[in-house]
>>> print(open('structure03.tsv').read())   # TSV, C-alpha atoms and all ligand atoms
chain	number	residue	atom	x	y	z
A	1	MET	CA	38.68	15.11	-25.00
A	2	ALA	CA	40.29	15.65	-21.63
A	3	THR	CA	42.66	12.72	-21.11
A	4	LEU	CA	41.01	10.18	-18.82
A	5	ILE	CA	43.49	8.27	-16.64
A	6	PHE	CA	41.79	5.29	-15.02
A	7	ASP	CA	43.41	4.28	-11.76
A	8	ASN	CA	43.48	0.66	-10.55
A	9	SER	CA	40.21	1.00	-8.64
A	10	VAL	CA	38.20	1.29	-11.87
A	11	PRO	CA	37.27	-2.12	-13.36
A	12	ALA	CA	38.53	-2.39	-16.95
A	13	GLY	CA	35.03	-3.39	-18.05
A	14	ALA	CA	33.72	0.01	-16.95
A	15	HIS	CA	36.07	2.15	-19.04
A	16	ASP	CA	33.89	2.22	-22.17
A	17	GLN	CA	30.76	3.21	-20.24
A	18	ILE	CA	32.68	6.06	-18.61
A	19	ARG	CA	34.12	7.23	-21.95
A	20	ASP	CA	30.64	7.17	-23.52
A	21	ALA	CA	29.29	9.36	-20.71
A	22	PHE	CA	32.17	11.81	-21.20
A	23	ASP	CA	31.51	11.91	-24.95
A	24	THR	CA	27.88	12.83	-24.33
A	25	ALA	CA	28.86	15.38	-21.65
A	26	LYS	CA	31.19	16.99	-24.18
A	27	ALA	CA	28.46	17.13	-26.84
A	28	TRP	CA	26.07	18.73	-24.34
A	29	ALA	CA	28.64	21.30	-23.19
A	30	THR	CA	29.33	22.16	-26.83
A	31	LYS	CA	25.65	22.60	-27.59
A	32	VAL	CA	24.96	24.73	-24.51
A	33	ASN	CA	28.03	26.88	-25.16
A	34	LYS	CA	27.04	27.49	-28.77
A	35	ASP	CA	23.42	28.23	-27.99
A	36	PHE	CA	24.30	30.46	-25.07
A	37	LEU	CA	26.00	32.83	-27.47
A	38	LYS	CA	23.00	32.87	-29.78
A	39	TRP	CA	20.58	33.33	-26.85
A	40	ASN	CA	22.70	36.08	-25.31
A	41	ALA	CA	22.59	38.06	-28.55
A	42	ASP	CA	18.81	37.65	-28.86
A	43	ASN	CA	16.86	36.01	-26.01
A	44	ALA	CA	13.80	35.51	-28.24
A	45	SER	CA	15.76	33.50	-30.80
A	46	LEU	CA	15.82	30.40	-28.56
A	47	PRO	CA	12.59	30.18	-26.54
A	48	ASP	CA	13.40	26.75	-25.06
A	49	PHE	CA	16.78	27.97	-23.89
A	50	ASN	CA	15.23	31.15	-22.52
A	51	GLN	CA	12.67	29.13	-20.58
A	52	LEU	CA	15.38	26.99	-18.96
A	53	VAL	CA	17.42	30.07	-18.07
A	54	ASN	CA	14.42	31.37	-16.15
A	55	THR	CA	13.81	27.97	-14.57
A	56	TYR	CA	17.32	27.19	-13.39
A	57	LEU	CA	19.14	30.52	-13.20
A	58	GLY	CA	16.35	32.91	-12.28
A	59	SER	CA	15.82	36.43	-13.46
A	60	ARG	CA	18.41	37.95	-15.71
A	61	THR	CA	21.31	40.11	-14.61
A	62	ASP	CA	24.23	40.65	-16.93
A	63	ALA	CA	26.76	39.83	-14.24
A	64	ARG	CA	25.11	36.49	-13.54
A	65	TYR	CA	24.94	35.55	-17.19
A	66	THR	CA	28.50	36.54	-17.79
A	67	ALA	CA	29.42	34.11	-15.00
A	68	PHE	CA	27.25	31.37	-16.52
A	69	ASP	CA	28.85	31.97	-19.91
A	70	SER	CA	32.35	31.62	-18.49
A	71	SER	CA	31.38	28.38	-16.65
A	72	VAL	CA	29.94	26.83	-19.78
A	73	ARG	CA	32.95	27.83	-21.86
A	74	ARG	CA	35.45	26.67	-19.24
A	75	ILE	CA	33.84	23.21	-19.09
A	76	LYS	CA	33.58	22.92	-22.87
A	77	ASN	CA	37.22	23.93	-23.32
A	78	TYR	CA	38.30	21.49	-20.63
A	79	LEU	CA	36.47	18.62	-22.34
A	80	ASP	CA	37.93	19.67	-25.71
A	81	GLY	CA	41.44	19.86	-24.27
A	82	THR	CA	44.01	17.24	-23.27
A	83	GLU	CA	44.48	17.91	-19.58
A	84	ASN	CA	44.71	14.73	-17.50
A	85	LEU	CA	41.76	13.74	-15.34
A	86	ILE	CA	42.31	10.83	-12.97
A	87	ILE	CA	39.20	8.65	-12.72
A	88	SER	CA	38.78	6.61	-9.57
A	89	PHE	CA	36.05	4.29	-8.27
A	90	ASN	CA	34.61	4.06	-4.76
A	91	GLY	CA	32.24	1.10	-4.44
A	92	SER	CA	31.75	1.47	-0.69
A	93	PRO	CA	28.20	0.98	0.66
A	94	ASP	CA	28.75	4.26	2.55
A	95	GLU	CA	28.50	6.01	-0.82
A	96	GLU	CA	25.36	4.24	-2.06
A	97	LYS	CA	23.49	7.54	-2.49
A	98	THR	CA	26.39	9.26	-4.24
A	99	TYR	CA	26.89	9.37	-8.01
A	100	ALA	CA	30.38	10.83	-7.89
A	101	TYR	CA	32.56	13.36	-6.09
A	102	THR	CA	35.52	15.61	-6.69
A	103	SER	CA	37.10	18.74	-5.29
A	104	PHE	CA	38.19	22.03	-6.81
A	105	ASN	CA	41.37	21.84	-8.88
A	106	SER	CA	42.05	18.27	-7.70
A	107	GLY	CA	42.50	16.80	-11.18
A	108	LYS	CA	40.59	13.76	-9.95
A	109	LEU	CA	37.00	12.52	-10.21
A	110	THR	CA	35.73	9.59	-8.15
A	111	LEU	CA	32.73	7.62	-9.43
A	112	CYS	CA	30.44	5.59	-7.15
A	113	ARG	CA	28.12	2.68	-7.91
A	114	LYS	CA	25.09	4.88	-8.56
A	115	PHE	CA	26.88	6.50	-11.50
A	116	PHE	CA	26.89	3.18	-13.34
A	117	SER	CA	23.13	2.72	-13.07
A	118	ALA	CA	22.37	6.32	-14.06
A	119	PRO	CA	20.55	6.73	-17.40
A	120	ALA	CA	22.48	7.77	-20.51
A	121	THR	CA	20.31	10.86	-20.93
A	122	GLY	CA	17.63	12.84	-19.06
A	123	THR	CA	17.38	13.73	-15.37
A	124	ASP	CA	20.18	12.55	-13.07
A	125	SER	CA	21.98	10.98	-16.03
A	126	ALA	CA	25.61	9.86	-16.21
A	127	PRO	CA	26.63	12.72	-18.58
A	128	GLY	CA	24.78	15.22	-16.38
A	129	THR	CA	26.64	13.86	-13.35
A	130	ILE	CA	29.94	14.50	-15.13
A	131	LEU	CA	28.94	18.08	-15.92
A	132	HIS	CA	27.84	18.58	-12.30
A	133	GLU	CA	31.22	17.33	-11.04
A	134	LEU	CA	33.14	19.42	-13.57
A	135	THR	CA	31.51	22.56	-12.17
A	136	HIS	CA	32.99	21.61	-8.78
A	137	LEU	CA	36.38	20.68	-10.25
A	138	LEU	CA	36.78	23.71	-12.51
A	139	GLN	CA	34.52	26.43	-11.10
A	140	ASN	CA	34.46	25.58	-7.38
A	141	THR	CA	30.66	25.48	-7.32
A	142	ASP	CA	28.63	24.48	-4.25
A	143	ASP	CA	25.86	22.01	-3.45
A	144	HIS	CA	23.37	24.39	-1.84
A	145	GLU	CA	20.43	22.24	-2.95
A	146	TYR	CA	19.91	18.94	-4.74
A	147	GLY	CA	17.01	17.75	-6.86
A	148	LYS	CA	14.69	19.39	-9.35
A	149	THR	CA	12.17	20.96	-6.99
A	150	LYS	CA	14.76	22.55	-4.73
A	151	THR	CA	16.98	23.76	-7.55
A	152	LYS	CA	14.02	25.48	-9.20
A	153	ALA	CA	13.08	27.12	-5.89
A	154	LEU	CA	16.68	28.25	-5.45
A	155	ALA	CA	16.60	29.89	-8.88
A	156	SER	CA	13.47	31.87	-8.08
A	157	GLN	CA	14.36	32.77	-4.47
A	158	SER	CA	18.17	33.04	-4.47
A	159	PRO	CA	19.35	33.26	-8.07
A	160	HIS	CA	22.85	34.34	-7.00
A	161	LEU	CA	23.15	30.94	-5.27
A	162	ALA	CA	21.53	29.03	-8.14
A	163	MET	CA	24.29	30.38	-10.36
A	164	ARG	CA	26.86	28.68	-8.12
A	165	ASN	CA	24.88	25.47	-7.50
A	166	ALA	CA	26.07	22.37	-9.34
A	167	ASP	CA	22.65	20.72	-9.73
A	168	ASN	CA	21.21	23.85	-11.38
A	169	PHE	CA	23.88	23.57	-14.04
A	170	GLU	CA	23.35	19.82	-14.41
A	171	TYR	CA	19.56	20.08	-14.82
A	172	PHE	CA	19.87	22.96	-17.22
A	173	CYS	CA	22.13	20.86	-19.49
A	174	GLU	CA	20.07	17.67	-19.10
A	175	ASP	CA	16.75	19.36	-19.82
A	176	TYR	CA	18.11	21.28	-22.80
A	177	CYS	CA	20.15	18.49	-24.40
A	178	SER	CA	18.07	15.35	-23.71
A	179	ASN	CA	15.28	14.32	-26.05
A	201	ZN	ZN	27.89	18.21	-6.14
>>> encode(input="structure03.tsv", output="structure tokens")
Amino acid sequence: MATLIFDNSVPAGAHDQIRDAFDTAKAWATKVNKDFLKWNADNASLPDFNQLVNTYLGSRTDARYTAFDSSVRRIKNYLDGTENLIISFNGSPDEEKTYAYTSFNSGKLTLCRKFFSAPATGTDSAPGTILHELTHLLQNTDDHEYGKTKTKALASQSPHLAMRNADNFEYFCEDYCSN
């Protein structure tokens, strides 16, 4: 697991909840990475995966799927590795609609109050939030659109943007890995 360094802003009582969410995020990234390889070799071998690819990434082009593959692998390897990630907390009311934020190559992830009331699995979950933020941190993704309806529309209308949109990645992982 990436080495989580909690700064003084994070209440000690929250550390376990954060670690649990990272553990689940790592399991999801591992599953998606593994199944991507199987799907890429034979799309028909994983119909559920294939369906979600169409839903969240749009129609297939090899260049786009090569990029998706490298994102998934980069995030999985990061979570498997030992690189330090500073975890901070921002409890400001100004951030009441925000789960978390980060910036590319910053080595730091800030969690907001909403993160701590996010579900442990499913849509807009805590592990999905971590995967969303890791796409920003590691792959410099954008937030072109938020939410399920708009991310699906982005995939069908502008798949090249969906590929670079953090919520598309998050929903893909949540839908595929949650039961
Ligand atoms: Zn974002």
>>> residues_near_ligand(input="structure03.tsv", ligand="ligand ZN 201 (chain A)", cutoff="10 Å", atoms="all atoms listed in the file", output="list of chain:residue names")
A:Thr98, A:Tyr99, A:Ala100, A:Tyr101, A:Thr102, A:Ser103, A:Thr129, A:Ile130, A:Leu131, A:His132, A:Glu133, A:Leu134, A:Thr135, A:His136, A:Leu137, A:Asn140, A:Thr141, A:Asp142, A:Asp143, A:His144, A:Glu145, A:Tyr146, A:Asn165, A:Ala166, A:Asp167, A:Glu170
>>> atom_distance(input="structure03.tsv", atom1="CA of Phe6 (chain A)", atom2="CA of Ser71 (chain A)")
25.4 Å
>>> closest_residue(input="structure03.tsv", among="A:Lys38, A:Glu95, A:Asn179, A:Ala27", to="Pro127 (chain A)", atoms="all atoms listed in the file")
A:Ala27
>>> residues_near_point(input="structure03.tsv", point="(27.4, 19.2, -21.4)", cutoff="8 Å", atoms="all atoms listed in the file", output="ChimeraX atom specification")
/A:24-32,75-76,127-128,131,173-174,177
>>> residues_around(input="structure03.tsv", residues="Ile86 (chain A)", least_positions_apart="4", cutoff="8 Å", atoms="all atoms listed in the file", output="list in words")
Leu4, Ile5, Phe6, Asp7, Gly107, Lys108 and Leu109 of chain A
>>> atom_distance(input="structure03.tsv", atom1="CA of Thr123 (chain A)", atom2="CA of Asp175 (chain A)")
7.2 Å
>>> closest_residue(input="structure03.tsv", among="A:Thr82, A:Thr151, A:Thr3, A:Gln139", to="Ala67 (chain A)", atoms="all atoms listed in the file")
A:Gln139
>>> atom_distance(input="structure03.tsv", atom1="CA of Thr149 (chain A)", atom2="CA of Thr61 (chain A)")
22.5 Å
>>> closest_residue(input="structure03.tsv", among="A:Arg164, A:Arg19, A:Lys34, A:Lys150", to="Thr55 (chain A)", atoms="all atoms listed in the file")
A:Lys150
>>> residues_around(input="structure03.tsv", residues="Arg73 (chain A)", least_positions_apart="4", cutoff="8 Å", atoms="all atoms listed in the file", output="PyMOL selection string")
chain A and resi 29+33+69+77
>>> write_last_selection(input="structure03.tsv", atoms="C-alpha atoms", output="PDB file, keeping the file's coordinate frame")
ATOM      1  CA  ALA A  29      28.640  21.300 -23.190  1.00  0.00           C
ATOM      2  CA  ASN A  33      28.030  26.880 -25.160  1.00  0.00           C
ATOM      3  CA  ASP A  69      28.850  31.970 -19.910  1.00  0.00           C
ATOM      4  CA  ASN A  77      37.220  23.930 -23.320  1.00  0.00           C
TER       5      ASN A  77
END
>>> residues_near_point(input="structure03.tsv", point="(22.4, 5.8, -11.6)", cutoff="12 Å", atoms="only C-alpha atoms", output="PyMOL selection string")
chain A and resi 21+96-100+111-129
>>> closest_residue(input="structure03.tsv", among="A:Asp62, A:Asp23, A:Val10, A:Asn84", to="Thr110 (chain A)", atoms="all atoms listed in the file")
A:Val10
>>> closest_residue(input="structure03.tsv", among="A:Tyr65, A:Tyr56, A:Gly13, A:Val72", to="Lys148 (chain A)", atoms="only C-alpha atoms")
A:Tyr56
>>> closest_residue(input="structure03.tsv", among="A:Tyr78, A:Phe22, A:Phe36, A:Phe68", to="Tyr176 (chain A)", atoms="only C-alpha atoms")
A:Phe36
>>> residues_around(input="structure03.tsv", residues="Pro159 (chain A)", least_positions_apart="5", cutoff="8 Å", atoms="only C-alpha atoms", output="PDB file with C-alpha atoms, in the coordinates of the input")
ATOM      1  CA  LEU A  57      19.140  30.520 -13.200  1.00  0.00           C
ATOM      2  CA  GLY A  58      16.350  32.910 -12.280  1.00  0.00           C
ATOM      3  CA  SER A  59      15.820  36.430 -13.460  1.00  0.00           C
ATOM      4  CA  LEU A 154      16.680  28.250  -5.450  1.00  0.00           C
TER       5      LEU A 154
END
>>> axis_aligned_box(input="structure03.tsv", around="region 152-160 of chain A", padding_each_side="6 Å", output="JSON")
{"center_x": 18.0, "center_y": 29.9, "center_z": -6.8, "size_x": 21.8, "size_y": 20.9, "size_z": 16.7}
